[in-house]
Amino acid sequence: MKEYITESPAETIKLAKCVAAAVQPGTVLCLKGDLGAGKTLFTQGLLRELGVDRDVTSPTFNLLNIYTGLVPIYHFDLYRLETADELYDTGFYEYVDDPDGLSVIEWPDKFPDEMPADRVCISIERIDGQDNKRKLTFSGYGEQERTCREMEKLADTCD
């Protein structure tokens, strides 16, 4: 598990763009962090690098935004959901199991038992007293452990 420090929103976007090359069809990316930590900002950088040429916004009210890039992209925000049963209504399980797509899930910690065993998690935390400084921690699970290691290698060389 590696940690990366970004000093500004622009650096967070840059880091996301750097690690985008590791994304393969079937990748599930879970983004953890408090409100305003930078989950959607990270997603914007990642998706821009993956060929999405329209605005990327948080799906807080929609629960799911679908984008077309190099792969189909399913961007979930689980913040407003109360129970795991509500995940069925969004088509969550079908999208997350799509072997040809990328799933980006904000607030996965609301339903940890519902997250796929194979996933990459990125925790984004504010650094106390620093408005724009963030600590990003990468963790890989199951078959996505390799994807996580590749993201870390790319992040290590990000200029």
# chains A, B, ... in the order shown; residues from 1 in each chain; ligands from 1

$ residues_around --residues "region 102-115 of chain A" --least-positions-apart "5" --cutoff "8 Å" --atoms "only C-alpha atoms" --output "list in words"
Val23, Gln24, Pro25, Gly26, Thr27, Val28, Leu29, Cys30, Leu31, Lys32, Gly33, Lys39, Thr40, Thr43, Val71, Pro72, Ile73, Tyr74, His75, Phe76, Asp77, Leu78, Tyr79, Ala84, Tyr95 and Val96 of chain A

$ residues_around --residues "region 124-135 of chain A" --least-positions-apart "2" --cutoff "10 Å" --atoms "only C-alpha atoms" --output "list of chain:residue names"
A:Glu3, A:Tyr4, A:Ile5, A:Thr6, A:Glu7, A:Ser8, A:Pro9, A:Ala10, A:Glu11, A:Thr12, A:Leu31, A:Lys32, A:Gly33, A:Asp34, A:Leu35, A:Gly36, A:Ala37, A:Gly38, A:Lys39, A:Phe42, A:Cys121, A:Ile122, A:Thr137, A:Phe138

$ select_by_dssp --residues "region 29-115 of chain A" --states "strand (DSSP E or B)" --output "PyMOL selection string"
chain A and resi 29-32+64-68+72-77+102-106

$ atom_distance --atom1 "CA of Leu63 (chain A)" --atom2 "CA of Ala16 (chain A)"
21.8 Å
